[in-house]
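Below is model.cif, holding mmCIF, C-alpha atoms and all ligand atoms.
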```
data_query
loop_
_atom_site.label_atom_id
_atom_site.label_comp_id
_atom_site.auth_asym_id
_atom_site.auth_seq_id
_atom_site.Cartn_x
_atom_site.Cartn_y
_atom_site.Cartn_z
CA MET F 94 -24.75 5.12 1.10
CA ILE F 95 -25.44 3.99 -2.49
CA LYS F 96 -24.10 0.50 -3.25
CA LEU F 97 -21.69 -0.11 -6.08
CA PRO F 98 -23.17 -2.84 -8.31
CA ALA F 99 -21.34 -6.17 -8.37
CA ARG F 100 -19.60 -6.94 -11.67
CA ALA F 101 -21.49 -10.23 -11.86
CA ASP F 102 -24.84 -8.37 -11.89
CA TRP F 103 -23.95 -6.00 -14.74
CA PRO F 104 -24.58 -6.61 -18.50
CA LYS F 105 -21.32 -7.63 -20.17
CA ASP F 106 -21.32 -5.03 -22.95
CA ASN F 107 -22.29 -1.99 -20.96
CA THR F 108 -19.10 -0.08 -20.09
CA ILE F 109 -19.30 1.94 -16.89
CA ILE F 110 -18.50 5.65 -17.23
CA ALA F 111 -17.34 7.27 -14.01
CA PRO F 112 -16.72 11.02 -14.33
CA SER F 113 -14.06 12.32 -11.92
CA ILE F 114 -15.12 15.41 -10.01
CA LEU F 115 -11.47 16.48 -9.84
CA SER F 116 -12.08 18.32 -13.11
CA ALA F 117 -15.47 19.74 -12.11
CA ASN F 118 -16.07 23.42 -11.42
CA GLN F 119 -16.00 23.31 -7.61
CA LEU F 120 -18.10 26.47 -7.33
CA ILE F 121 -21.03 24.68 -8.97
CA LEU F 122 -20.22 21.08 -8.10
CA GLY F 123 -23.84 20.10 -7.42
CA GLU F 124 -25.00 21.48 -10.76
CA GLN F 125 -22.20 19.65 -12.57
CA ILE F 126 -22.99 16.35 -10.82
CA LYS F 127 -26.65 16.76 -11.80
CA GLN F 128 -25.65 17.23 -15.42
CA ALA F 129 -23.41 14.15 -15.31
CA GLN F 130 -26.22 12.07 -13.85
CA GLN F 131 -28.72 13.31 -16.45
CA GLY F 132 -26.10 12.71 -19.14
CA GLY F 133 -25.89 9.01 -18.31
CA ALA F 134 -22.92 8.74 -15.95
CA ASP F 135 -22.93 5.42 -14.07
CA TRP F 136 -20.76 6.25 -11.04
CA LEU F 137 -18.98 9.34 -9.71
CA HIS F 138 -15.24 8.96 -9.26
CA ILE F 139 -13.86 10.81 -6.24
CA ASP F 140 -10.08 11.34 -6.19
CA ILE F 141 -8.65 11.74 -2.70
CA MET F 142 -5.09 13.11 -2.51
CA ASP F 143 -3.02 13.78 0.61
CA GLY F 144 -0.03 15.73 -0.70
CA HIS F 145 2.29 12.80 0.21
CA PHE F 146 1.34 9.81 -1.92
CA VAL F 147 0.86 12.27 -4.79
CA PRO F 148 2.02 15.89 -4.99
CA ASN F 149 -1.48 17.36 -4.88
CA LEU F 150 -4.46 17.90 -2.57
CA SER F 151 -8.10 17.42 -3.39
CA PHE F 152 -11.15 16.52 -1.29
CA GLY F 153 -11.97 15.08 2.10
CA PRO F 154 -14.87 13.15 3.68
CA ALA F 155 -16.98 16.35 3.86
CA THR F 156 -17.29 16.37 0.06
CA VAL F 157 -18.38 12.71 -0.01
CA LYS F 158 -20.90 13.42 2.74
CA ALA F 159 -22.37 16.35 0.84
CA ILE F 160 -22.69 14.29 -2.35
CA ASP F 161 -24.30 11.32 -0.56
CA GLY F 162 -28.02 11.98 -0.62
CA PHE F 163 -27.66 14.66 -3.30
CA THR F 164 -27.25 12.10 -6.09
CA THR F 165 -28.18 8.47 -6.62
CA LEU F 166 -24.83 7.82 -8.33
CA ALA F 167 -22.46 5.53 -6.46
CA GLN F 168 -19.32 7.20 -5.12
CA ASP F 169 -16.25 5.31 -6.33
CA VAL F 170 -13.62 6.72 -3.95
CA HIS F 171 -9.97 6.48 -5.08
CA LEU F 172 -7.58 6.91 -2.15
CA MET F 173 -4.26 8.32 -3.35
CA VAL F 174 -2.94 8.60 0.20
CA GLU F 175 0.19 7.35 1.92
CA LYS F 176 -1.60 5.83 4.92
CA PRO F 177 -5.07 4.60 3.88
CA ALA F 178 -5.69 3.19 7.38
CA ASP F 179 -6.18 6.76 8.65
CA PHE F 180 -8.91 7.55 6.15
CA ILE F 181 -11.01 4.42 5.74
CA GLU F 182 -13.38 5.02 8.64
CA PRO F 183 -14.06 8.71 7.87
CA PHE F 184 -14.89 7.91 4.25
CA ILE F 185 -17.14 4.99 5.19
CA LYS F 186 -19.01 7.25 7.64
CA ALA F 187 -19.30 9.93 4.94
CA GLY F 188 -21.13 7.55 2.58
CA ALA F 189 -18.54 6.19 0.12
CA SER F 190 -19.84 3.31 -2.03
CA SER F 191 -16.44 1.78 -2.64
CA LEU F 192 -12.93 2.45 -1.42
CA THR F 193 -9.96 1.79 -3.68
CA LEU F 194 -6.51 1.66 -2.09
CA HIS F 195 -3.17 1.79 -3.82
CA ILE F 196 -1.10 -1.36 -3.57
CA GLU F 197 1.93 0.96 -3.26
CA SER F 198 0.57 2.67 -0.12
CA LYS F 199 1.64 1.86 3.47
CA GLY F 200 -0.02 -0.65 5.80
CA ASP F 201 -1.29 -4.22 5.81
CA ILE F 202 -3.23 -4.06 2.55
CA ARG F 203 -5.03 -7.37 3.07
CA LYS F 204 -6.21 -6.37 6.52
CA LEU F 205 -7.40 -3.01 5.22
CA ILE F 206 -9.37 -4.70 2.41
CA GLU F 207 -10.98 -7.07 4.94
CA GLY F 208 -11.93 -4.11 7.15
CA ILE F 209 -13.64 -2.33 4.24
CA LYS F 210 -15.49 -5.49 3.15
CA ASP F 211 -16.65 -6.13 6.72
CA LYS F 212 -18.43 -2.77 6.64
CA GLY F 213 -20.39 -3.83 3.53
CA LEU F 214 -18.55 -1.64 1.01
CA SER F 215 -16.97 -2.69 -2.24
CA CYS F 216 -13.19 -2.62 -2.17
CA GLY F 217 -10.74 -1.97 -4.96
CA ILE F 218 -6.98 -2.06 -5.41
CA SER F 219 -5.18 0.36 -7.69
CA ILE F 220 -1.81 0.08 -9.41
CA LYS F 221 0.43 2.81 -10.75
CA PRO F 222 1.80 2.53 -14.31
CA ASP F 223 5.17 1.07 -13.19
CA THR F 224 3.76 -1.53 -10.79
CA LYS F 225 3.77 -5.12 -11.99
CA PRO F 226 0.26 -6.51 -12.62
CA CYS F 227 1.18 -9.75 -10.81
CA ASP F 228 1.57 -7.76 -7.54
CA ILE F 229 -2.26 -7.76 -7.43
CA ALA F 230 -2.38 -11.56 -7.18
CA PRO F 231 -2.42 -11.87 -3.34
CA TYR F 232 -5.65 -9.83 -3.15
CA VAL F 233 -7.65 -11.17 -6.08
CA ASP F 234 -9.66 -13.54 -3.88
CA LEU F 235 -11.07 -10.57 -1.90
CA ILE F 236 -11.44 -7.49 -4.08
CA ASP F 237 -14.37 -6.22 -6.16
CA LEU F 238 -12.43 -3.86 -8.42
CA ILE F 239 -8.97 -3.29 -9.87
CA LEU F 240 -8.15 0.28 -10.88
CA VAL F 241 -5.39 0.52 -13.47
CA MET F 242 -3.78 3.96 -13.60
CA SER F 243 -3.15 4.96 -17.20
CA VAL F 244 -1.28 8.12 -16.07
CA TYR F 245 1.01 8.77 -13.09
CA PRO F 246 -1.52 9.71 -10.39
CA GLY F 247 -1.83 13.23 -9.03
CA PHE F 248 -3.33 15.43 -11.69
CA GLY F 249 -6.19 15.46 -14.15
CA GLY F 250 -5.76 16.28 -17.82
CA GLN F 251 -2.67 14.12 -18.53
CA ALA F 252 -2.19 11.96 -21.64
CA PHE F 253 -3.08 8.23 -21.64
CA LEU F 254 0.23 6.31 -21.44
CA ALA F 255 1.14 4.09 -24.39
CA SER F 256 2.07 1.30 -21.96
CA SER F 257 -1.49 1.14 -20.56
CA PRO F 258 -3.17 -1.35 -22.95
CA LYS F 259 -0.58 -4.02 -22.03
CA GLN F 260 -1.09 -3.32 -18.32
CA ILE F 261 -4.88 -3.57 -18.80
CA SER F 262 -4.74 -6.83 -20.77
CA ASP F 263 -2.39 -8.41 -18.20
CA ILE F 264 -4.87 -7.51 -15.44
CA ARG F 265 -7.74 -8.86 -17.56
CA GLU F 266 -5.90 -12.22 -17.72
CA ILE F 267 -5.45 -12.24 -13.93
CA ILE F 268 -9.19 -11.59 -13.48
CA LYS F 269 -10.08 -14.34 -15.98
CA THR F 270 -7.86 -16.83 -14.18
CA SER F 271 -9.45 -15.94 -10.84
CA GLY F 272 -12.92 -16.81 -12.18
CA ARG F 273 -14.33 -14.00 -10.03
CA GLY F 274 -16.49 -11.02 -11.02
CA ILE F 275 -14.08 -8.11 -10.58
CA TRP F 276 -14.44 -4.68 -12.20
CA LEU F 277 -11.46 -3.59 -14.31
CA GLU F 278 -11.51 0.19 -14.16
CA VAL F 279 -9.06 2.43 -16.03
CA ASP F 280 -8.16 5.92 -14.82
CA GLY F 281 -6.25 8.68 -16.58
CA GLY F 282 -6.31 10.31 -20.00
CA ILE F 283 -9.58 8.68 -21.03
CA ASN F 284 -11.37 10.55 -23.82
CA LYS F 285 -13.34 9.64 -26.92
CA ASP F 286 -10.13 8.51 -28.65
CA THR F 287 -8.50 6.48 -25.88
CA ALA F 288 -11.73 4.94 -24.46
CA ALA F 289 -11.86 2.33 -27.23
CA LYS F 290 -8.21 1.35 -26.64
CA ALA F 291 -8.90 0.77 -22.94
CA VAL F 292 -12.05 -1.25 -23.64
CA GLU F 293 -10.35 -3.33 -26.34
CA ALA F 294 -7.59 -4.16 -23.88
CA GLY F 295 -10.17 -5.39 -21.35
CA ALA F 296 -11.53 -2.45 -19.33
CA ASP F 297 -15.16 -2.52 -18.28
CA ALA F 298 -15.23 0.76 -16.34
CA LEU F 299 -13.68 4.08 -17.39
CA VAL F 300 -12.88 7.14 -15.29
CA ALA F 301 -12.93 10.43 -17.19
CA GLY F 302 -12.20 13.81 -15.62
CA ASN F 303 -11.13 16.39 -18.16
CA ALA F 304 -13.02 14.68 -21.01
CA VAL F 305 -16.30 15.11 -19.09
CA PHE F 306 -16.15 17.98 -16.58
CA GLY F 307 -13.57 19.90 -18.60
CA GLN F 308 -16.09 20.19 -21.46
CA SER F 309 -18.81 22.81 -21.84
CA ASP F 310 -21.49 20.21 -22.70
CA ILE F 311 -21.20 17.47 -20.08
CA LYS F 312 -24.04 15.41 -21.52
CA GLN F 313 -22.54 15.42 -25.00
CA ALA F 314 -19.08 14.61 -23.61
CA ILE F 315 -20.41 11.48 -21.85
CA ALA F 316 -22.34 10.47 -24.98
CA GLN F 317 -19.17 10.71 -27.08
CA ILE F 318 -17.20 8.49 -24.70
CA ARG F 319 -20.11 6.05 -24.53
CA GLN F 320 -20.28 5.91 -28.32
CA ALA F 321 -16.55 5.24 -28.54
CA THR F 322 -16.87 2.25 -26.19
CA GLU F 323 -19.62 0.80 -28.36
CA LEU F 324 -17.58 0.92 -31.59
CA LYS F 325 -15.94 -2.44 -31.17
C1 LIG D 1 -5.43 11.24 -11.46
C2 LIG D 1 -6.80 10.83 -10.98
C3 LIG D 1 -7.79 10.72 -12.05
C4 LIG D 1 -8.09 11.98 -12.77
C5 LIG D 1 -8.40 11.61 -14.19
O1 LIG D 1 -4.52 11.12 -10.44
O2 LIG D 1 -6.77 9.58 -10.29
O3 LIG D 1 -9.01 10.12 -11.60
O4 LIG D 1 -9.15 12.72 -12.25
O5 LIG D 1 -8.43 12.75 -14.91
P1 LIG D 1 -8.36 12.79 -16.49
O6 LIG D 1 -9.51 11.98 -17.00
O7 LIG D 1 -8.48 14.24 -16.77
O8 LIG D 1 -7.03 12.20 -16.91
ZN ZN D 2 -8.81 8.46 -9.83
#
```

Could you rewrite the structure in this file as structure tokens?
Amino acid sequence: MIKLPARADWPKDNTIIAPSILSANQLILGEQIKQAQQGGADWLHIDIMDGHFVPNLSFGPATVKAIDGFTTLAQDVHLMVEKPADFIEPFIKAGASSLTLHIESKGDIRKLIEGIKDKGLSCGISIKPDTKPCDIAPYVDLIDLILVMSVYPGFGGQAFLASSPKQISDIREIIKTSGRGIWLEVDGGINKDTAAKAVEAGADALVAGNAVFGQSDIKQAIAQIRQATELK
């Protein structure tokens, strides 16, 4: 298992780019991951969908296991599942670097976070576009990452919601108040045009599916997003 770096150990101005393999060509996934790594990706974002929490299916622990050892990129695993308790152990065993649960999913969220942290993994909490940022507050003392959804979860290739910058800046305030090093990652509709909006609002990590793996030149696609985050 590759560790996810702690926010406190990362240079302030270096935005993380985490390509989502949901948009990769699954027939040549290894080749595409290699290109993303060579193109300067920081983490790999792995979207897990159960057909209940979101109306789509994606990958399971076998994919995470195959990627672990193949790449040195951390696997930032995003659990879009109704009952995360059922999946935490299999994904830890498979080699996930971090597990991010949705605050809207079922179960004792605090207990689940503690269980993940006890195993030495980073733990994140994600919120959907209509969830109030203050709902995160009870977990801020424990988590390493907050994942703000800038689309309704379930599918790649959707447009960045206009309401997202406000959601991101509200979360940034919550993190500031906590005084803790917590990643603020944004997921959905990130491309070279929206990346700057997310960063300006307070994001320090960006997920990009279609804007990276949906492009013919993966290296150039990452470079364009990177450049957009540096134009501040
Ligand atoms: C959506 C997923 C995203 C998705 C992003 O439910 O959580 O991670 O892969 O895809 P793009 O960047 O294409 O919006
Ligand atoms: Zn995601």

Counting all atoms listed in the file, which residues of segment 177-286 of chain F fall within 10 Å of segment 145-158 of chain F, and what is the closest atom pair for each with its distance in Å at one decimal, ordered by chain and rising number, as a tab-separated table?
```
residue	atom	partner	partner_atom	distance
F:Phe180	CA	F:Pro154	CA	8.5
F:Ile181	CA	F:Pro154	CA	9.8
F:Glu182	CA	F:Pro154	CA	9.6
F:Pro183	CA	F:Pro154	CA	6.2
F:Phe184	CA	F:Pro154	CA	5.3
F:Ile185	CA	F:Pro154	CA	8.6
F:Lys186	CA	F:Lys158	CA	8.1
F:Ala187	CA	F:Lys158	CA	4.4
F:Gly188	CA	F:Lys158	CA	5.9
F:Ala189	CA	F:Val157	CA	6.5
F:Ser190	CA	F:Val157	CA	9.7
F:His195	CA	F:Phe146	CA	9.4
F:Glu197	CA	F:Phe146	CA	9.0
F:Ser198	CA	F:Phe146	CA	7.4
F:Lys199	CA	F:Phe146	CA	9.6
F:Tyr245	CA	F:Val147	CA	9.0
F:Pro246	CA	F:Val147	CA	6.6
F:Gly247	CA	F:Val147	CA	5.1
F:Phe248	CA	F:Asn149	CA	7.3
```

Throw together the list of residues within 12 Å of ligand ZN 2 (chain D), counting all atoms listed in the file, and drop it here as an NGL selection string. :F and (111-116 or 137-142 or 147 or 151-152 or 168-174 or 192-195 or 217-221 or 239-250 or 278-283 or 298-303)

Deliver the residues from the most recent selection as a file, using C-alpha atoms, as an mmCIF file, in the coordinates of the input.
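And here's out-v1.cif as it stands now:
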```cif
data_model
loop_
_atom_site.group_PDB
_atom_site.id
_atom_site.type_symbol
_atom_site.label_atom_id
_atom_site.label_comp_id
_atom_site.auth_asym_id
_atom_site.auth_seq_id
_atom_site.Cartn_x
_atom_site.Cartn_y
_atom_site.Cartn_z
ATOM 1 C CA ALA F 111 -17.340 7.270 -14.010
ATOM 2 C CA PRO F 112 -16.720 11.020 -14.330
ATOM 3 C CA SER F 113 -14.060 12.320 -11.920
ATOM 4 C CA ILE F 114 -15.120 15.410 -10.010
ATOM 5 C CA LEU F 115 -11.470 16.480 -9.840
ATOM 6 C CA SER F 116 -12.080 18.320 -13.110
ATOM 7 C CA LEU F 137 -18.980 9.340 -9.710
ATOM 8 C CA HIS F 138 -15.240 8.960 -9.260
ATOM 9 C CA ILE F 139 -13.860 10.810 -6.240
ATOM 10 C CA ASP F 140 -10.080 11.340 -6.190
ATOM 11 C CA ILE F 141 -8.650 11.740 -2.700
ATOM 12 C CA MET F 142 -5.090 13.110 -2.510
ATOM 13 C CA VAL F 147 0.860 12.270 -4.790
ATOM 14 C CA SER F 151 -8.100 17.420 -3.390
ATOM 15 C CA PHE F 152 -11.150 16.520 -1.290
ATOM 16 C CA GLN F 168 -19.320 7.200 -5.120
ATOM 17 C CA ASP F 169 -16.250 5.310 -6.330
ATOM 18 C CA VAL F 170 -13.620 6.720 -3.950
ATOM 19 C CA HIS F 171 -9.970 6.480 -5.080
ATOM 20 C CA LEU F 172 -7.580 6.910 -2.150
ATOM 21 C CA MET F 173 -4.260 8.320 -3.350
ATOM 22 C CA VAL F 174 -2.940 8.600 0.200
ATOM 23 C CA LEU F 192 -12.930 2.450 -1.420
ATOM 24 C CA THR F 193 -9.960 1.790 -3.680
ATOM 25 C CA LEU F 194 -6.510 1.660 -2.090
ATOM 26 C CA HIS F 195 -3.170 1.790 -3.820
ATOM 27 C CA GLY F 217 -10.740 -1.970 -4.960
ATOM 28 C CA ILE F 218 -6.980 -2.060 -5.410
ATOM 29 C CA SER F 219 -5.180 0.360 -7.690
ATOM 30 C CA ILE F 220 -1.810 0.080 -9.410
ATOM 31 C CA LYS F 221 0.430 2.810 -10.750
ATOM 32 C CA ILE F 239 -8.970 -3.290 -9.870
ATOM 33 C CA LEU F 240 -8.150 0.280 -10.880
ATOM 34 C CA VAL F 241 -5.390 0.520 -13.470
ATOM 35 C CA MET F 242 -3.780 3.960 -13.600
ATOM 36 C CA SER F 243 -3.150 4.960 -17.200
ATOM 37 C CA VAL F 244 -1.280 8.120 -16.070
ATOM 38 C CA TYR F 245 1.010 8.770 -13.090
ATOM 39 C CA PRO F 246 -1.520 9.710 -10.390
ATOM 40 C CA GLY F 247 -1.830 13.230 -9.030
ATOM 41 C CA PHE F 248 -3.330 15.430 -11.690
ATOM 42 C CA GLY F 249 -6.190 15.460 -14.150
ATOM 43 C CA GLY F 250 -5.760 16.280 -17.820
ATOM 44 C CA GLU F 278 -11.510 0.190 -14.160
ATOM 45 C CA VAL F 279 -9.060 2.430 -16.030
ATOM 46 C CA ASP F 280 -8.160 5.920 -14.820
ATOM 47 C CA GLY F 281 -6.250 8.680 -16.580
ATOM 48 C CA GLY F 282 -6.310 10.310 -20.000
ATOM 49 C CA ILE F 283 -9.580 8.680 -21.030
ATOM 50 C CA ALA F 298 -15.230 0.760 -16.340
ATOM 51 C CA LEU F 299 -13.680 4.080 -17.390
ATOM 52 C CA VAL F 300 -12.880 7.140 -15.290
ATOM 53 C CA ALA F 301 -12.930 10.430 -17.190
ATOM 54 C CA GLY F 302 -12.200 13.810 -15.620
ATOM 55 C CA ASN F 303 -11.130 16.390 -18.160
#
```

Residue neighbourhood segment 286-289 of chain F, 6 Å, all atoms listed in the file, exclusion window fewer than 3 positions, as a list in words: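 With the cut-off at 6 Å, the set is Ile283, Val292, Glu293, Ala321 and Thr322 of chain F.
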
Is it possible to get the axis-aligned box enclosing ligand LIG 1 (chain D) (all listed atoms, 6 Å extra per side) as lines of an AutoDock Vina configuration file, with centre and edge lengths in Å rounded to one decimal?
```
center_x = -7.0
center_y = 11.9
center_z = -13.6
size_x = 17.0
size_y = 16.7
size_z = 18.7
```

Just to confirm, what's the straight-line distance from atom CA of Leu235 of chain F to atom CA of Lys176 of chain F in Å (one decimal)?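 Taking atom CA of Leu235 of chain F and atom CA of Lys176 of chain F, their separation equals 20.1 Å.
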